[in-house]
Amino acid sequence: MQITWVTALLNWFQLHQRELPWRQTKDPYAIWVSEIMLQQTRVETVVPYYRRFLERFPTVEHLAKAQIDEVLKLWEGLGYYTRAKNLHRAAQVIQQEYQSVFPRSHSEVLALPGIGDYTAGAIMSIAYGQPFPAIDGNVLRVIARLQLVQKDISLPQTKTEVAAFLKGVFPLEQASDFTQALMELGALVCLPMTPKCTLCPIQVHCQAKQRNMQQELPIKSKKTLPKREKRYLAIIQQGDKILMNKRPMAGLLGGLWEFPGVESKNKQDFVQNFKRQFGLTIIPKVHKLDTSHVFSHRIWEMKVYHSELVSGEVTTAADLHWIPIDQLNTIAIPSAFQKIKDSLLLGGKLC
DNA sequence: AATCCGGGGTC
DNA sequence: GACCCAGGATT
C-alpha cells in the first residue's frame, strides 16, 4: 500500500510543527481567539497579542462582560478592528444564547458574528476534531500547486472546489492535525514566491513541481490600487491636555482614537472642513510634520499642524475629548497615528 | 462578484 | 515598491 500524501503530510507535521501558544489547548474559546487574530495577520505578530488577550480574558464570560474600549485597547496596532468588535459581540451571544458554552455544531459556530467559512472550519476541525476544511491563503496555495489548479484562487468557485477536494481526503481521526498541517506547510515550506520544494514531504505528489510550475501558482487576480488621500490633522493643546476624537464605531478605524483631522486639498480647505466636521474654528500655526500611512485600499498623506482653538460648538458628529497627555497610552490609538503621538511625547508640552 | 476593512514582514 | 498574510461583512 502506497503512502498517501495525507499521511506524509501528517508525519511531517508531527516532526516539524512550530510550538505555538494556541497549540497547547483544545479549548474552543482559545482556538477561536487565535483564529480571529490570525486572519490576514502573521503568526509572529499575533503571539504577544494572543498571550495578553487570554491572560486578561481567559473565558468567554470574561470577554462578554468587558467594555468594548478595553477590548479595542488590547487590539491596538493589530488592525482590522471589526474583528475585535465581532469577537466581543459573539462572546455576548454565546453567553446569552448558549449559557457561555461554546457551540459545538458547524451551523451554530458559522452563525456567530465574525466567523465565516474559514474560521468555522478551523474551529470545528482543530478544537472538535471534526472533518470541516479550513481554507485560507496557505491552503489555497498548497492545493493549487498539489492539484495544478489553474483558476484564479480569488474566485469563490475555486474555493468551493478546493473544499470538495479536501472533504474527500479528510483523515477522520486526525482532523485537527490535518487542518493545521496544511497551513503549516504553506507557512514554512510551500512559500508564495520561493517554495522550498526539496524540503516538502509531498513533493512527489505535487503536480506543479512535476511540471516545474511552482512559481506560476497559485493564480491570483490583482487588487485595485489604494487611493491617495490628503489629510490635515490638528494638534490642539490646553495645558497638559490634548484634544482627541473618538472615531464612529462603524467604518475605518471604528471606535479608535485619532488626532482630529479631515481630508482636505490645502490649508484653507483644512480650516473649512474642520469647522464643518467638528464645529470648531481653528488656526493652523506650526506645521509640525508630514507622515503617511498605507492601508489596504487607501493611503493617507497627513500634514500635522499645531493649531489654536478659536471658538466653536462641538458637533454631534464628533466625539471630542480632552485627554491628559500622560493618559494617551490608556486609549486605543491605531498605528496610523503612533508616529504623531511619539513626536508629541518626545517634544513635550510646548512644541 | 466587487468593495471595504489594517498593519507589518519580506523580497 | 510589490506582494503577501490562519478572511468576513456588506452591497
# chains A, B, ... in the order shown; residues from 1 in each chain; ligands from 1
>>> interface_residues(of="chain C", to="chain A", cutoff="10 Å", atoms="only C-alpha atoms (C1' of nucleotides)", output="PyMOL selection string")
chain C and resi 3-9
>>> closest_atom_pairs(of="chain B", to="chain A", cutoff="8 Å", atoms="only C-alpha atoms (C1' of nucleotides)", output="JSON lines")
{"residue": "B:DC4", "atom": "C1'", "partner": "A:His297", "partner_atom": "CA", "distance": 7.9}
{"residue": "B:DC5", "atom": "C1'", "partner": "A:Tyr80", "partner_atom": "CA", "distance": 5.9}
{"residue": "B:DG6", "atom": "C1'", "partner": "A:Gly79", "partner_atom": "CA", "distance": 3.9}
{"residue": "B:DG7", "atom": "C1'", "partner": "A:Gly79", "partner_atom": "CA", "distance": 5.6}
{"residue": "B:DG8", "atom": "C1'", "partner": "A:Thr45", "partner_atom": "CA", "distance": 8.0}
>>> write_last_selection(atoms="all heavy atoms", output="short mmCIF file (atom, residue, chain, number, x, y, z; two decimals), in the first residue's frame")
data_model
loop_
_atom_site.label_atom_id
_atom_site.label_comp_id
_atom_site.auth_asym_id
_atom_site.auth_seq_id
_atom_site.Cartn_x
_atom_site.Cartn_y
_atom_site.Cartn_z
P DC B 4 -13.85 50.41 -2.17
OP1 DC B 4 -14.19 51.82 -2.38
OP2 DC B 4 -12.56 49.86 -2.61
"O5'" DC B 4 -14.00 50.09 -0.61
"C5'" DC B 4 -15.26 50.34 0.02
"C4'" DC B 4 -15.25 49.68 1.40
"O4'" DC B 4 -15.16 48.26 1.24
"C3'" DC B 4 -14.07 50.09 2.27
"O3'" DC B 4 -14.56 50.52 3.53
"C2'" DC B 4 -13.24 48.83 2.41
"C1'" DC B 4 -14.29 47.75 2.23
N1 DC B 4 -13.74 46.46 1.75
C2 DC B 4 -14.06 45.29 2.44
O2 DC B 4 -14.78 45.36 3.44
N3 DC B 4 -13.54 44.11 2.00
C4 DC B 4 -12.77 44.09 0.92
N4 DC B 4 -12.29 42.91 0.53
C5 DC B 4 -12.44 45.27 0.20
C6 DC B 4 -12.94 46.42 0.64
P DC B 5 -13.66 51.45 4.44
OP1 DC B 5 -14.55 52.26 5.29
OP2 DC B 5 -12.63 52.10 3.61
"O5'" DC B 5 -12.94 50.39 5.38
"C5'" DC B 5 -13.71 49.75 6.38
"C4'" DC B 5 -12.94 48.61 6.96
"O4'" DC B 5 -12.75 47.60 5.94
"C3'" DC B 5 -11.53 48.99 7.42
"O3'" DC B 5 -11.38 48.67 8.79
"C2'" DC B 5 -10.61 48.10 6.58
"C1'" DC B 5 -11.55 46.96 6.24
N1 DC B 5 -11.09 46.19 5.08
C2 DC B 5 -11.22 44.79 5.11
O2 DC B 5 -11.73 44.26 6.10
N3 DC B 5 -10.77 44.07 4.06
C4 DC B 5 -10.22 44.69 3.01
N4 DC B 5 -9.80 43.94 2.01
C5 DC B 5 -10.10 46.11 2.96
C6 DC B 5 -10.54 46.81 4.01
P DG B 6 -10.10 49.27 9.54
OP1 DG B 6 -9.83 48.62 10.83
OP2 DG B 6 -10.28 50.72 9.43
"O5'" DG B 6 -8.98 48.76 8.53
"C5'" DG B 6 -7.74 49.36 8.47
"C4'" DG B 6 -6.84 48.85 9.59
"O4'" DG B 6 -6.45 47.50 9.33
"C3'" DG B 6 -5.56 49.65 9.69
"O3'" DG B 6 -5.15 49.55 11.05
"C2'" DG B 6 -4.64 48.91 8.73
"C1'" DG B 6 -5.07 47.46 8.97
N9 DG B 6 -4.95 46.57 7.82
C8 DG B 6 -5.19 46.86 6.51
N7 DG B 6 -5.04 45.82 5.72
C5 DG B 6 -4.68 44.80 6.57
C6 DG B 6 -4.39 43.44 6.31
O6 DG B 6 -4.39 42.87 5.22
N1 DG B 6 -4.07 42.76 7.47
C2 DG B 6 -4.04 43.29 8.72
N2 DG B 6 -3.73 42.48 9.72
N3 DG B 6 -4.32 44.55 8.99
C4 DG B 6 -4.62 45.24 7.86
P DG B 7 -3.93 50.46 11.55
OP1 DG B 7 -4.16 50.69 12.98
OP2 DG B 7 -3.76 51.59 10.62
"O5'" DG B 7 -2.68 49.50 11.41
"C5'" DG B 7 -2.66 48.32 12.18
"C4'" DG B 7 -1.60 47.41 11.66
"O4'" DG B 7 -1.99 46.92 10.36
"C3'" DG B 7 -0.24 48.09 11.43
"O3'" DG B 7 0.62 47.65 12.47
"C2'" DG B 7 0.20 47.64 10.04
"C1'" DG B 7 -0.81 46.54 9.71
N9 DG B 7 -1.09 46.35 8.30
C8 DG B 7 -1.50 47.29 7.38
N7 DG B 7 -1.68 46.79 6.18
C5 DG B 7 -1.38 45.45 6.33
C6 DG B 7 -1.40 44.40 5.38
O6 DG B 7 -1.69 44.45 4.18
N1 DG B 7 -1.02 43.19 5.94
C2 DG B 7 -0.68 43.01 7.26
N2 DG B 7 -0.34 41.78 7.64
N3 DG B 7 -0.65 43.97 8.16
C4 DG B 7 -1.01 45.16 7.62
P DG B 8 2.11 48.22 12.56
OP1 DG B 8 2.41 48.27 13.99
OP2 DG B 8 2.29 49.39 11.68
"O5'" DG B 8 2.93 47.01 11.92
"C5'" DG B 8 2.65 45.69 12.38
"C4'" DG B 8 3.31 44.69 11.47
"O4'" DG B 8 2.61 44.66 10.21
"C3'" DG B 8 4.77 45.03 11.14
"O3'" DG B 8 5.52 43.84 11.24
"C2'" DG B 8 4.70 45.51 9.70
"C1'" DG B 8 3.57 44.63 9.18
N9 DG B 8 2.98 45.11 7.94
C8 DG B 8 2.61 46.39 7.63
N7 DG B 8 2.11 46.50 6.43
C5 DG B 8 2.17 45.21 5.92
C6 DG B 8 1.78 44.71 4.66
O6 DG B 8 1.29 45.34 3.71
N1 DG B 8 2.01 43.34 4.55
C2 DG B 8 2.55 42.56 5.54
N2 DG B 8 2.70 41.27 5.25
N3 DG B 8 2.91 43.02 6.72
C4 DG B 8 2.70 44.34 6.84
#
>>> select_by_dssp(residues="region 47-287 of chain A", states="helix (DSSP H, G or I)", output="ChimeraX atom specification")
/A:47-56,60-64,68-75,82-97,106-111,117-126,137-146,156-169,175-188,197-199,203-205,207-210,214-216,267-278
>>> residues_around(residues="Ser264 (chain A)", least_positions_apart="2", cutoff="9 Å", atoms="only C-alpha atoms (C1' of nucleotides)", output="PyMOL selection string")
chain A and resi 229-232+262+266-273
>>> write_last_selection(atoms="C-alpha atoms", output="mmCIF file, in the first residue's frame")
data_model
loop_
_atom_site.group_PDB
_atom_site.id
_atom_site.type_symbol
_atom_site.label_atom_id
_atom_site.label_comp_id
_atom_site.auth_asym_id
_atom_site.auth_seq_id
_atom_site.Cartn_x
_atom_site.Cartn_y
_atom_site.Cartn_z
ATOM 1 C CA GLU A 229 -5.944 60.975 0.379
ATOM 2 C CA LYS A 230 -4.521 64.230 1.650
ATOM 3 C CA ARG A 231 -5.411 64.585 5.280
ATOM 4 C CA TYR A 232 -4.793 67.519 7.597
ATOM 5 C CA VAL A 262 -10.139 65.954 7.831
ATOM 6 C CA ASN A 266 -4.961 72.664 1.180
ATOM 7 C CA LYS A 267 -4.637 74.683 4.362
ATOM 8 C CA GLN A 268 -7.694 76.904 3.777
ATOM 9 C CA ASP A 269 -9.770 73.863 2.870
ATOM 10 C CA PHE A 270 -8.499 72.303 6.102
ATOM 11 C CA VAL A 271 -9.931 75.084 8.274
ATOM 12 C CA GLN A 272 -13.297 74.997 6.477
ATOM 13 C CA ASN A 273 -13.658 71.223 6.573
#
>>> atom_distance(atom1="CA of Ala175 (chain A)", atom2="CA of Pro131 (chain A)")
5.4 Å
>>> atom_distance(atom1="CA of Gln338 (chain A)", atom2="CA of Ala250 (chain A)")
21.3 Å
>>> select_by_dssp(residues="region 135-335 of chain A", states="strand (DSSP E)", output="PyMOL selection string")
chain A and resi 227-235+237-238+241-246+257-258+261-263+280-294+298-312+320-324
>>> atom_distance(atom1="CA of Gly312 (chain A)", atom2="CA of Lys288 (chain A)")
23.4 Å
>>> residues_around(residues="region 13-22 of chain A", least_positions_apart="3", cutoff="8 Å", atoms="only C-alpha atoms (C1' of nucleotides)", output="list in words")
Leu9, Leu10, Thr25, Ala30, Ile31, Ser34, Val47, Arg51, Asp177, Ala181, Glu184 and Leu185 of chain A
>>> residues_around(residues="region 302-305 of chain A", least_positions_apart="4", cutoff="7 Å", atoms="only C-alpha atoms (C1' of nucleotides)", output="VMD selection string")
chain A and resid 230 to 235 284 to 292
>>> write_last_selection(atoms="all heavy atoms", output="compact mmCIF listing (two decimals), in the first residue's frame")
# COMPACT_ATOMS: atom_id res chain seq x y z
N LYS A 230 -5.23 63.22 0.86
CA LYS A 230 -4.52 64.23 1.65
C LYS A 230 -5.33 64.52 2.90
O LYS A 230 -6.52 64.83 2.82
CB LYS A 230 -4.35 65.53 0.85
CG LYS A 230 -3.07 65.61 0.06
CD LYS A 230 -2.85 67.03 -0.43
CE LYS A 230 -1.65 67.09 -1.37
NZ LYS A 230 -1.51 68.42 -1.97
N ARG A 231 -4.70 64.42 4.02
CA ARG A 231 -5.41 64.58 5.28
C ARG A 231 -4.66 65.57 6.17
O ARG A 231 -3.44 65.46 6.34
CB ARG A 231 -5.54 63.22 5.95
CG ARG A 231 -6.56 63.16 7.04
CD ARG A 231 -6.80 61.72 7.50
NE ARG A 231 -7.71 61.70 8.63
CZ ARG A 231 -9.03 61.71 8.49
NH1 ARG A 231 -9.56 61.68 7.30
NH2 ARG A 231 -9.79 61.74 9.57
N TYR A 232 -5.38 66.53 6.70
CA TYR A 232 -4.79 67.52 7.60
C TYR A 232 -5.24 67.24 9.03
O TYR A 232 -6.42 67.04 9.29
CB TYR A 232 -5.23 68.94 7.19
CG TYR A 232 -4.51 69.46 5.97
CD1 TYR A 232 -4.79 68.95 4.70
CD2 TYR A 232 -3.57 70.50 6.08
CE1 TYR A 232 -4.14 69.44 3.59
CE2 TYR A 232 -2.91 71.00 4.96
CZ TYR A 232 -3.21 70.46 3.72
OH TYR A 232 -2.56 70.94 2.60
N LEU A 233 -4.30 67.21 9.94
CA LEU A 233 -4.58 66.90 11.34
C LEU A 233 -4.26 68.10 12.22
O LEU A 233 -3.27 68.81 11.98
CB LEU A 233 -3.74 65.71 11.80
CG LEU A 233 -4.29 64.30 11.53
CD1 LEU A 233 -4.64 64.10 10.07
CD2 LEU A 233 -3.30 63.24 11.99
N ALA A 234 -5.06 68.29 13.25
CA ALA A 234 -4.85 69.39 14.19
C ALA A 234 -4.42 68.85 15.55
O ALA A 234 -5.09 68.00 16.12
CB ALA A 234 -6.12 70.21 14.34
N ILE A 235 -3.28 69.36 16.02
CA ILE A 235 -2.90 69.09 17.40
C ILE A 235 -3.26 70.32 18.20
O ILE A 235 -2.72 71.40 17.98
CB ILE A 235 -1.40 68.77 17.52
CG1 ILE A 235 -1.12 67.46 16.78
CG2 ILE A 235 -0.97 68.70 18.97
CD1 ILE A 235 0.29 66.96 16.90
N PRO A 284 -4.41 76.99 12.05
CA PRO A 284 -3.18 76.19 12.00
C PRO A 284 -1.98 77.11 12.19
O PRO A 284 -1.83 78.10 11.48
CB PRO A 284 -3.20 75.61 10.58
CG PRO A 284 -4.60 75.80 10.08
CD PRO A 284 -5.12 77.01 10.77
N LYS A 285 -1.13 76.79 13.16
CA LYS A 285 0.00 77.66 13.49
C LYS A 285 1.33 77.08 12.98
O LYS A 285 1.98 77.66 12.12
CB LYS A 285 0.09 77.85 15.00
CG LYS A 285 -1.07 78.67 15.58
CD LYS A 285 -0.91 80.15 15.25
CE LYS A 285 -1.91 80.98 16.04
NZ LYS A 285 -1.93 82.39 15.62
N VAL A 286 1.71 75.95 13.57
CA VAL A 286 3.03 75.41 13.25
C VAL A 286 2.88 74.08 12.50
O VAL A 286 2.24 73.15 12.98
CB VAL A 286 3.85 75.17 14.54
CG1 VAL A 286 5.23 74.62 14.20
CG2 VAL A 286 3.93 76.44 15.35
N HIS A 287 3.46 74.03 11.31
CA HIS A 287 3.46 72.79 10.53
C HIS A 287 4.46 71.83 11.17
O HIS A 287 5.66 71.93 10.94
CB HIS A 287 3.83 73.11 9.07
CG HIS A 287 3.75 71.92 8.18
ND1 HIS A 287 4.08 71.96 6.84
CD2 HIS A 287 3.35 70.66 8.40
CE1 HIS A 287 3.91 70.77 6.29
NE2 HIS A 287 3.47 69.97 7.23
N LYS A 288 3.94 70.91 11.96
CA LYS A 288 4.81 70.08 12.79
C LYS A 288 5.51 68.98 12.00
O LYS A 288 6.72 68.81 12.08
CB LYS A 288 3.98 69.47 13.92
CG LYS A 288 4.76 68.63 14.91
CD LYS A 288 5.46 69.50 15.93
CE LYS A 288 6.45 68.74 16.79
NZ LYS A 288 5.88 67.85 17.75
N LEU A 289 4.74 68.20 11.24
CA LEU A 289 5.38 67.11 10.49
C LEU A 289 4.46 66.58 9.40
O LEU A 289 3.25 66.80 9.45
CB LEU A 289 5.79 65.97 11.43
CG LEU A 289 4.70 65.16 12.12
CD1 LEU A 289 4.42 63.87 11.39
CD2 LEU A 289 5.12 64.84 13.55
N ASP A 290 5.05 65.91 8.44
CA ASP A 290 4.31 65.18 7.42
C ASP A 290 4.57 63.69 7.64
O ASP A 290 5.68 63.28 7.94
CB ASP A 290 4.78 65.56 6.01
CG ASP A 290 4.36 66.97 5.63
OD1 ASP A 290 3.44 67.50 6.29
OD2 ASP A 290 4.95 67.52 4.70
N THR A 291 3.51 62.91 7.49
CA THR A 291 3.68 61.47 7.62
C THR A 291 2.62 60.78 6.77
O THR A 291 1.56 61.36 6.50
CB THR A 291 3.56 61.03 9.10
OG1 THR A 291 3.72 59.63 9.19
CG2 THR A 291 2.24 61.44 9.70
N SER A 292 2.92 59.58 6.34
CA SER A 292 1.93 58.87 5.53
C SER A 292 1.67 57.50 6.13
O SER A 292 2.51 56.94 6.85
CB SER A 292 2.42 58.72 4.09
OG SER A 292 3.46 57.78 4.03
>>> decode(residues="chain C", atoms="C-alpha atoms (C1' of nucleotides)", output="mmCIF file, in the first residue's frame")
data_model
loop_
_atom_site.group_PDB
_atom_site.id
_atom_site.type_symbol
_atom_site.label_atom_id
_atom_site.label_comp_id
_atom_site.auth_asym_id
_atom_site.auth_seq_id
_atom_site.Cartn_x
_atom_site.Cartn_y
_atom_site.Cartn_z
ATOM 1 C "C1'" DG C 1 7.729 49.461 -4.177
ATOM 2 C "C1'" DA C 2 5.131 44.819 -4.785
ATOM 3 C "C1'" DC C 3 3.428 41.038 -2.621
ATOM 4 C "C1'" DC C 4 1.520 38.516 0.981
ATOM 5 C "C1'" DC C 5 -0.610 37.107 5.196
ATOM 6 C "C1'" DA C 6 -4.560 31.129 9.696
ATOM 7 C "C1'" DG C 7 -10.795 36.428 5.983
ATOM 8 C "C1'" DG C 8 -15.554 38.408 6.943
ATOM 9 C "C1'" DA C 9 -19.315 41.557 6.141
ATOM 10 C "C1'" DT C 10 -21.775 44.248 3.122
ATOM 11 C "C1'" DT C 11 -23.806 45.537 -1.107
#
